[in-house]
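To start, the structure itself, in structure tokens.
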Amino acid sequence: MLWSVLTMDYRHAVNPEQCLRLAMENLQPGAVIVFHDSIKAKEKLMYALPRFLEHALGQGYSFESLNENL
């Protein structure tokens with residue numbers, strides 16, 4: 001599976017609000033938006049992901065798990 005949007009959450013120069021904005025501005029049907037589960041990205045992930053999910057759900061988007069058979 002290839003991603004279509006990289007939130008840059010691992011970059012020191014990107015702040016949590018910028019990370020969220022990257023995700024929200026690129027939200028579209030079929031988008032694969034990457035948030036990293038790492039120490040470097042933790043602060044941005046904890047800020048941006050809940051807000052992004054709330055926004056996307058409010059726009060009528062839904063989420064699915066990816067499995068290895070895709």
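Residue numbering restarts at 1 for every chain of the structure tokens, chains are lettered A, B, ... in their displayed order, and ligands are numbered from 1 as they appear.
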Subject >> Picked from chain A by DSSP as strand (DSSP E), as a list in words >> reply: Val5, Leu6, Ile33 and Val34 of chain A
Subject >> Shell around A:Thr7 at 9 Å using only C-alpha atoms, local window under 6 positions removed, as a list in words >> reply: Gln18, Cys19, Leu20, Arg21, Leu22, Ala23, Ile33, Val34, Phe35 and His36 of chain A
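Counting only C-alpha atoms and comparing A:Leu57, A:Arg51, A:Ser62, A:Asn26, the residue that lies closest to A:Trp3 is A:Asn26.
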Original post:
A:Lys44: which residues within 9 Å, counting only C-alpha atoms, same-chain residues fewer than 4 positions away excluded, as a list of chain:residue names?
Top reply: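 Neighbouring residues, sequence-local ones excluded: A:Asp9, A:Tyr10, A:Val14, A:Asn15, A:Pro16, A:Glu17, A:Cys19, A:Leu20, A:Phe35, A:Lys40, A:Ala48, A:Leu49.
Nearest-residue note for A:Glu64: choosing from A:Lys42, A:Phe52, A:Asp37, A:Val32, the minimum distance belongs to A:Val32, counting only C-alpha atoms.
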